[in-house]
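K.L.:
Dropping in query-v1.cif, which is mmCIF, C-alpha atoms:
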data_model
loop_
_atom_site.label_atom_id
_atom_site.label_comp_id
_atom_site.auth_asym_id
_atom_site.auth_seq_id
_atom_site.Cartn_x
_atom_site.Cartn_y
_atom_site.Cartn_z
CA MET J 1 -14.47 -9.75 -39.55
CA ALA J 2 -12.77 -7.02 -37.49
CA ALA J 3 -11.20 -8.16 -34.23
CA ARG J 4 -13.08 -7.14 -31.12
CA LYS J 5 -11.22 -4.43 -29.21
CA LYS J 6 -9.63 -5.59 -25.97
CA LEU J 7 -11.34 -4.05 -22.92
CA ASP J 8 -9.03 -1.93 -20.73
CA LEU J 9 -10.79 -0.93 -17.52
CA TYR J 10 -8.12 1.65 -16.67
CA GLN J 11 -8.75 3.41 -19.96
CA ALA J 12 -12.51 3.09 -19.57
CA HIS J 13 -12.30 4.70 -16.11
CA LYS J 14 -9.12 6.75 -16.49
CA GLU J 15 -10.50 9.63 -14.40
CA GLU J 16 -10.50 7.24 -11.42
CA TYR J 17 -6.85 6.24 -11.87
CA VAL J 18 -5.19 9.65 -11.85
CA THR J 19 -1.75 9.83 -10.24
CA PRO J 20 -1.35 13.36 -8.80
CA ARG J 21 1.61 14.11 -6.54
CA GLU J 22 -0.68 16.18 -4.30
CA PRO J 23 -4.06 14.89 -3.01
CA VAL J 24 -7.15 15.51 -5.14
CA PHE J 25 -10.81 14.50 -5.07
CA VAL J 26 -12.01 11.69 -7.35
CA LYS J 27 -15.36 9.99 -7.83
CA ALA J 28 -14.94 6.21 -7.83
CA SER J 29 -17.65 4.36 -9.72
CA PRO J 30 -19.00 1.01 -8.49
CA ALA J 31 -16.51 -1.70 -9.45
CA LYS J 32 -16.35 -5.50 -9.48
CA TYR J 33 -13.29 -7.27 -8.09
CA LEU J 34 -11.86 -10.73 -7.65
CA SER J 35 -10.67 -10.72 -4.05
CA ILE J 36 -9.26 -12.66 -1.13
CA GLU J 37 -8.98 -11.67 2.55
CA GLY J 38 -6.35 -12.32 5.17
CA GLN J 39 -4.43 -11.01 8.15
CA GLY J 40 -0.77 -10.41 8.81
CA ALA J 41 2.28 -8.60 7.57
CA PRO J 42 2.70 -7.88 3.86
CA GLY J 43 5.15 -10.45 2.56
CA SER J 44 4.15 -13.08 5.11
CA GLU J 45 3.63 -16.68 4.02
CA GLU J 46 -0.16 -16.25 4.07
CA PHE J 47 0.05 -12.98 2.12
CA GLN J 48 2.22 -14.51 -0.61
CA ALA J 49 0.06 -17.63 -0.88
CA LYS J 50 -3.09 -15.57 -1.29
CA ILE J 51 -1.56 -13.23 -3.87
CA GLY J 52 -0.57 -16.33 -5.83
CA ALA J 53 -4.11 -17.72 -5.58
CA LEU J 54 -5.62 -14.41 -6.71
CA TYR J 55 -3.40 -14.22 -9.79
CA ASN J 56 -3.98 -17.89 -10.64
CA VAL J 57 -7.74 -17.42 -10.68
CA THR J 58 -7.56 -14.05 -12.43
CA PHE J 59 -5.46 -15.31 -15.35
CA THR J 60 -7.39 -18.58 -15.64
CA ILE J 61 -10.61 -16.59 -16.09
CA LYS J 62 -8.93 -14.11 -18.45
CA MET J 63 -7.62 -16.85 -20.75
CA ALA J 64 -10.97 -18.66 -20.82
CA LYS J 65 -12.75 -15.43 -21.80
CA LYS J 66 -10.08 -14.60 -24.39
CA ILE J 67 -10.65 -17.98 -26.05
CA ALA J 68 -14.39 -17.26 -25.96
CA GLY J 69 -13.81 -13.93 -27.74
CA GLN J 70 -14.06 -11.50 -24.79
CA ASP J 71 -10.48 -10.38 -24.23
CA TYR J 72 -9.50 -7.76 -21.66
CA THR J 73 -6.43 -6.36 -19.93
CA VAL J 74 -5.78 -7.69 -16.42
CA CYS J 75 -5.76 -4.81 -13.94
CA LYS J 76 -3.14 -4.03 -11.30
CA LEU J 77 -3.19 -5.54 -7.83
CA GLU J 78 -5.11 -3.42 -5.30
CA GLY J 79 -5.63 -3.74 -1.56
CA LEU J 80 -7.92 -2.61 1.23
CA TRP J 81 -6.37 -2.33 4.70
CA TRP J 82 -7.94 -2.01 8.15
CA ALA J 83 -7.80 -2.95 11.82
CA ALA J 84 -10.20 -5.39 13.47
CA ASP J 85 -10.84 -2.67 16.07
CA GLN J 86 -12.77 -0.08 14.07
CA HIS J 87 -11.59 2.66 16.45
CA ARG J 88 -7.93 2.06 15.56
CA GLU J 89 -6.00 2.79 12.38
CA PHE J 90 -4.25 -0.29 11.06
CA MET J 91 -0.88 1.48 10.85
CA GLU J 92 -0.98 2.00 14.63
CA LEU J 93 -0.85 -1.76 15.14
CA SER J 94 1.88 -4.34 14.67
CA LYS J 95 1.85 -5.69 11.13
CA ASP J 96 0.78 -9.15 12.24
CA GLN J 97 -2.56 -7.59 13.24
CA TRP J 98 -3.20 -5.87 9.90
CA ARG J 99 -6.33 -7.03 8.07
CA TRP J 100 -6.36 -6.86 4.30
CA LYS J 101 -8.28 -7.71 1.17
CA LEU J 102 -6.25 -8.21 -2.00
CA MET J 103 -8.19 -7.37 -5.16
CA ILE J 104 -7.99 -7.23 -8.95
CA ARG J 105 -10.65 -5.23 -10.77
CA THR J 106 -12.53 -7.37 -13.27
CA PRO J 107 -15.07 -6.71 -16.04
CA GLU J 108 -18.78 -6.74 -15.24
CA PHE J 109 -19.30 -9.74 -17.53
CA ILE J 110 -17.27 -11.96 -15.17
CA GLY J 111 -19.64 -13.74 -12.79
CA ALA J 112 -20.01 -16.68 -10.43
CA THR J 113 -20.05 -19.21 -13.29
CA GLU J 114 -16.63 -18.10 -14.53
CA LEU J 115 -15.24 -18.04 -11.00
CA ARG J 116 -16.46 -21.56 -10.18
CA ALA J 117 -15.04 -22.91 -13.43
CA ALA J 118 -11.63 -21.34 -12.80
CA ILE J 119 -11.44 -22.66 -9.24
CA SER J 120 -12.45 -26.14 -10.40
CA THR J 121 -9.82 -26.10 -13.16
CA LEU J 122 -7.07 -24.99 -10.80
CA ARG J 123 -7.95 -27.52 -8.09
CA GLU J 124 -7.94 -30.30 -10.70
CA LYS J 125 -4.41 -29.17 -11.61
CA GLY J 126 -3.35 -29.50 -7.98
CA LYS J 127 -3.12 -25.79 -7.17
CA PRO J 128 -3.19 -24.86 -3.44
CA ALA J 129 -6.48 -24.70 -1.54
CA GLU J 130 -6.28 -20.88 -1.32
CA VAL J 131 -7.74 -20.62 -4.84
CA SER J 132 -11.06 -21.80 -3.38
CA SER J 133 -11.14 -18.66 -1.18
CA ILE J 134 -11.33 -16.22 -4.10
CA LYS J 135 -14.61 -14.29 -4.21
CA LEU J 136 -16.32 -11.73 -6.40
CA ASP J 137 -16.91 -8.42 -4.63
CA ASN J 138 -18.59 -5.16 -5.54
CA LEU J 139 -16.97 -1.99 -4.19
CA LYS J 140 -18.87 1.31 -4.00
CA GLU J 141 -16.58 4.05 -2.70
CA GLY J 142 -18.02 7.21 -4.27
CA SER J 143 -16.27 10.45 -3.26
CA CYS J 144 -12.61 9.87 -2.38
CA ILE J 145 -9.31 11.63 -1.87
CA GLN J 146 -6.51 10.20 -3.99
CA VAL J 147 -2.78 10.76 -4.38
CA LEU J 148 0.30 9.07 -5.83
CA HIS J 149 2.75 7.93 -3.15
CA VAL J 150 6.32 7.48 -4.40
CA GLY J 151 8.61 5.58 -2.07
CA PRO J 152 8.52 2.74 0.46
CA TYR J 153 5.20 1.48 1.76
CA ASP J 154 6.42 2.15 5.30
CA ALA J 155 6.66 5.87 4.48
CA GLU J 156 3.00 6.24 3.53
CA ALA J 157 2.00 7.91 6.82
CA ALA J 158 3.21 11.35 5.71
CA THR J 159 1.29 11.07 2.42
CA ILE J 160 -1.86 9.96 4.24
CA ALA J 161 -1.49 12.97 6.56
CA LYS J 162 -1.70 15.24 3.48
CA MET J 163 -4.86 13.46 2.42
CA LYS J 164 -6.40 14.05 5.84
CA ASP J 165 -5.38 17.73 5.72
CA LEU J 166 -7.30 18.15 2.46
CA ALA J 167 -10.33 16.39 3.90
CA ARG J 168 -10.34 18.62 6.99
CA ALA J 169 -9.91 21.76 4.88
CA LYS J 170 -13.12 20.84 3.04
CA GLY J 171 -15.04 19.91 6.19
CA LEU J 172 -14.86 16.18 5.41
CA SER J 173 -13.57 13.10 7.19
CA PHE J 174 -12.29 9.67 6.20
CA HIS J 175 -14.71 6.76 6.29
CA GLY J 176 -14.53 3.27 4.87
CA LEU J 177 -11.21 1.55 4.22
CA HIS J 178 -7.74 2.64 3.15
CA HIS J 179 -7.29 1.63 -0.49
CA GLU J 180 -4.01 1.10 -2.35
CA ILE J 181 -3.42 0.51 -6.07
CA TYR J 182 0.01 -0.95 -6.81
CA LEU J 183 1.55 0.47 -9.97
CA SER J 184 4.98 -1.06 -9.25
CA ASP J 185 6.16 -4.62 -8.61
CA PRO J 186 8.21 -4.57 -5.37
CA ARG J 187 10.16 -7.59 -6.61
CA ARG J 188 11.56 -5.50 -9.48
CA VAL J 189 11.49 -1.88 -8.28
CA ALA J 190 13.62 -0.34 -5.52
CA PRO J 191 11.62 0.80 -2.47
CA ALA J 192 12.47 4.47 -3.11
CA LYS J 193 10.90 4.26 -6.59
CA LEU J 194 7.72 2.34 -5.78
CA ARG J 195 4.59 4.04 -7.15
CA THR J 196 1.37 3.43 -5.22
CA VAL J 197 -1.97 5.18 -5.62
CA LEU J 198 -3.52 5.86 -2.21
CA ARG J 199 -7.30 6.37 -2.04
CA HIS J 200 -9.69 6.90 0.84
CA PRO J 201 -13.46 7.54 0.77
CA VAL J 202 -14.60 10.75 2.44
CA ARG J 203 -17.92 12.17 3.64
#
Please express what this file holds, its structure, as structure tokens.
P.N.:
Amino acid sequence: MAARKKLDLYQAHKEEYVTPREPVFVKASPAKYLSIEGQGAPGSEEFQAKIGALYNVTFTIKMAKKIAGQDYTVCKLEGLWWAADQHREFMELSKDQWRWKLMIRTPEFIGATELRAAISTLREKGKPAEVSSIKLDNLKEGSCIQVLHVGPYDAEAATIAKMKDLARAKGLSFHGLHHEIYLSDPRRVAPAKLRTVLRHPVR
């Protein structure tokens, strides 16, 4: 019997994961994510604990499905960022006030049953309580502006300004949340070489 082909969501939706050096329009399809929310500076103790919890649950589910014959590639870490005050941009605030949702895109066949089983398995193994905070979310962004940002995260403002310029030129404005897709691991890549896809819904 031929082996079932491993599902790669980036290949299945490659038009949504383009990496242009100048902003372009993309249409983001509805997507399912494993996610966890928090507040504070990137790299803070809470941030690191919740990234760890997200990866623990993600790979526990992935291995269970692989054993069951439904293998797939684990997607990159993504994040939504915002301010509690909807009239403020999060980058205007001190980092301890930043709100965020860390996410990993997951196949549609992953549901609440798989999530509950993974959390139960991890808690039985003594993993931290944060794994119990992982949720399944559906994200519907639709029309977006997207660009590849190369360099430190703290230098994103200039790239975002280009995205806003394109929106204004087309009579559009940002709405929804700032979305980042992390193509590089900051533990292994120098800040100047970090590659991050920036996306923002427009209307």
K.L.:
Determine the nearest neighbour of Val131 (chain J) from the options J:Lys101, J:Ile119, J:Gly176, J:Phe109, counting all atoms listed in the file.
P.N.:
J:Ile119
K.L.:
Report as a PyMOL selection string the residues that result from applying the PyMOL selection byres ((chain J and resi 156-173) around 6) to the structure here.
P.N.:
chain J and resi 23+153-155+174+202-203
K.L.:
Evaluate the PyMOL selection byres ((chain J and resi 142) around 8) here and jot the selected residues down as a CSV table (one decimal) with C-alpha atoms, in the frame of the given file.
P.N.:
chain,number,residue,atom,x,y,z
J,27,LYS,CA,-15.4,10.0,-7.8
J,28,ALA,CA,-14.9,6.2,-7.8
J,29,SER,CA,-17.6,4.4,-9.7
J,30,PRO,CA,-19.0,1.0,-8.5
J,140,LYS,CA,-18.9,1.3,-4.0
J,141,GLU,CA,-16.6,4.0,-2.7
J,143,SER,CA,-16.3,10.4,-3.3
J,144,CYS,CA,-12.6,9.9,-2.4
J,201,PRO,CA,-13.5,7.5,0.8
K.L.:
Go through J:Leu54, J:Leu34, J:Leu102, J:Ala190 and flag the residue nearest Asp137 (chain J), using all atoms listed in the file for the distances.
P.N.:
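Among the listed residues, the smallest separation from Asp137 (chain J) belongs to J:Leu34.
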K.L.:
Give me, please, the distance in Å between CA of Ala41 (chain J) and CA of Leu122 (chain J), quoted to one decimal.
P.N.:
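Interatomic distance, CA of Ala41 (chain J) to CA of Leu122 (chain J): 26.3 Å.
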K.L.:
Name the residues captured by the PyMOL selection byres ((chain J and resi 148) around 9) when it is applied to the shown file; answer as a CSV table (one decimal) with C-alpha atoms, keeping the file's coordinate frame.
P.N.:
chain,number,residue,atom,x,y,z
J,18,VAL,CA,-5.2,9.6,-11.8
J,19,THR,CA,-1.8,9.8,-10.2
J,20,PRO,CA,-1.4,13.4,-8.8
J,21,ARG,CA,1.6,14.1,-6.5
J,22,GLU,CA,-0.7,16.2,-4.3
J,23,PRO,CA,-4.1,14.9,-3.0
J,146,GLN,CA,-6.5,10.2,-4.0
J,147,VAL,CA,-2.8,10.8,-4.4
J,149,HIS,CA,2.8,7.9,-3.2
J,150,VAL,CA,6.3,7.5,-4.4
J,159,THR,CA,1.3,11.1,2.4
J,195,ARG,CA,4.6,4.0,-7.2
J,196,THR,CA,1.4,3.4,-5.2
J,197,VAL,CA,-2.0,5.2,-5.6
J,198,LEU,CA,-3.5,5.9,-2.2
J,199,ARG,CA,-7.3,6.4,-2.0
K.L.:
What is the distance, in Å and to one decimal place, between CA of Ile145 (chain J) and CA of Glu89 (chain J)?
P.N.:
17.1 Å
K.L.:
For Glu130 (chain J), which residue out of J:Glu37, J:Glu16, J:Glu108, J:Asp85 is the nearest one, using all atoms listed in the file?
P.N.:
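Counting all atoms listed in the file, the residue closest to Glu130 (chain J) is J:Glu37.
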K.L.:
Take CA of Val26 (chain J) and CA of Arg105 (chain J) and report the distance between them in Å, one decimal.
P.N.:
17.3 Å
K.L.:
Write out as an MDAnalysis selection string which residues come within 12 Å of Leu136 (chain J) when counting only C-alpha atoms, dropping same-chain ones fewer than 2 positions away.
P.N.:
chainID J and resid 31:37 54 57:58 101:116 132:134 138:139
K.L.:
Could you name the residues that touch Ala49 (chain J) at 10 Å or less, counting only C-alpha atoms, but leaving out those on the same chain fewer than 3 positions away, as a PyMOL selection string?
P.N.:
chain J and resi 43-46+52-54+128-131
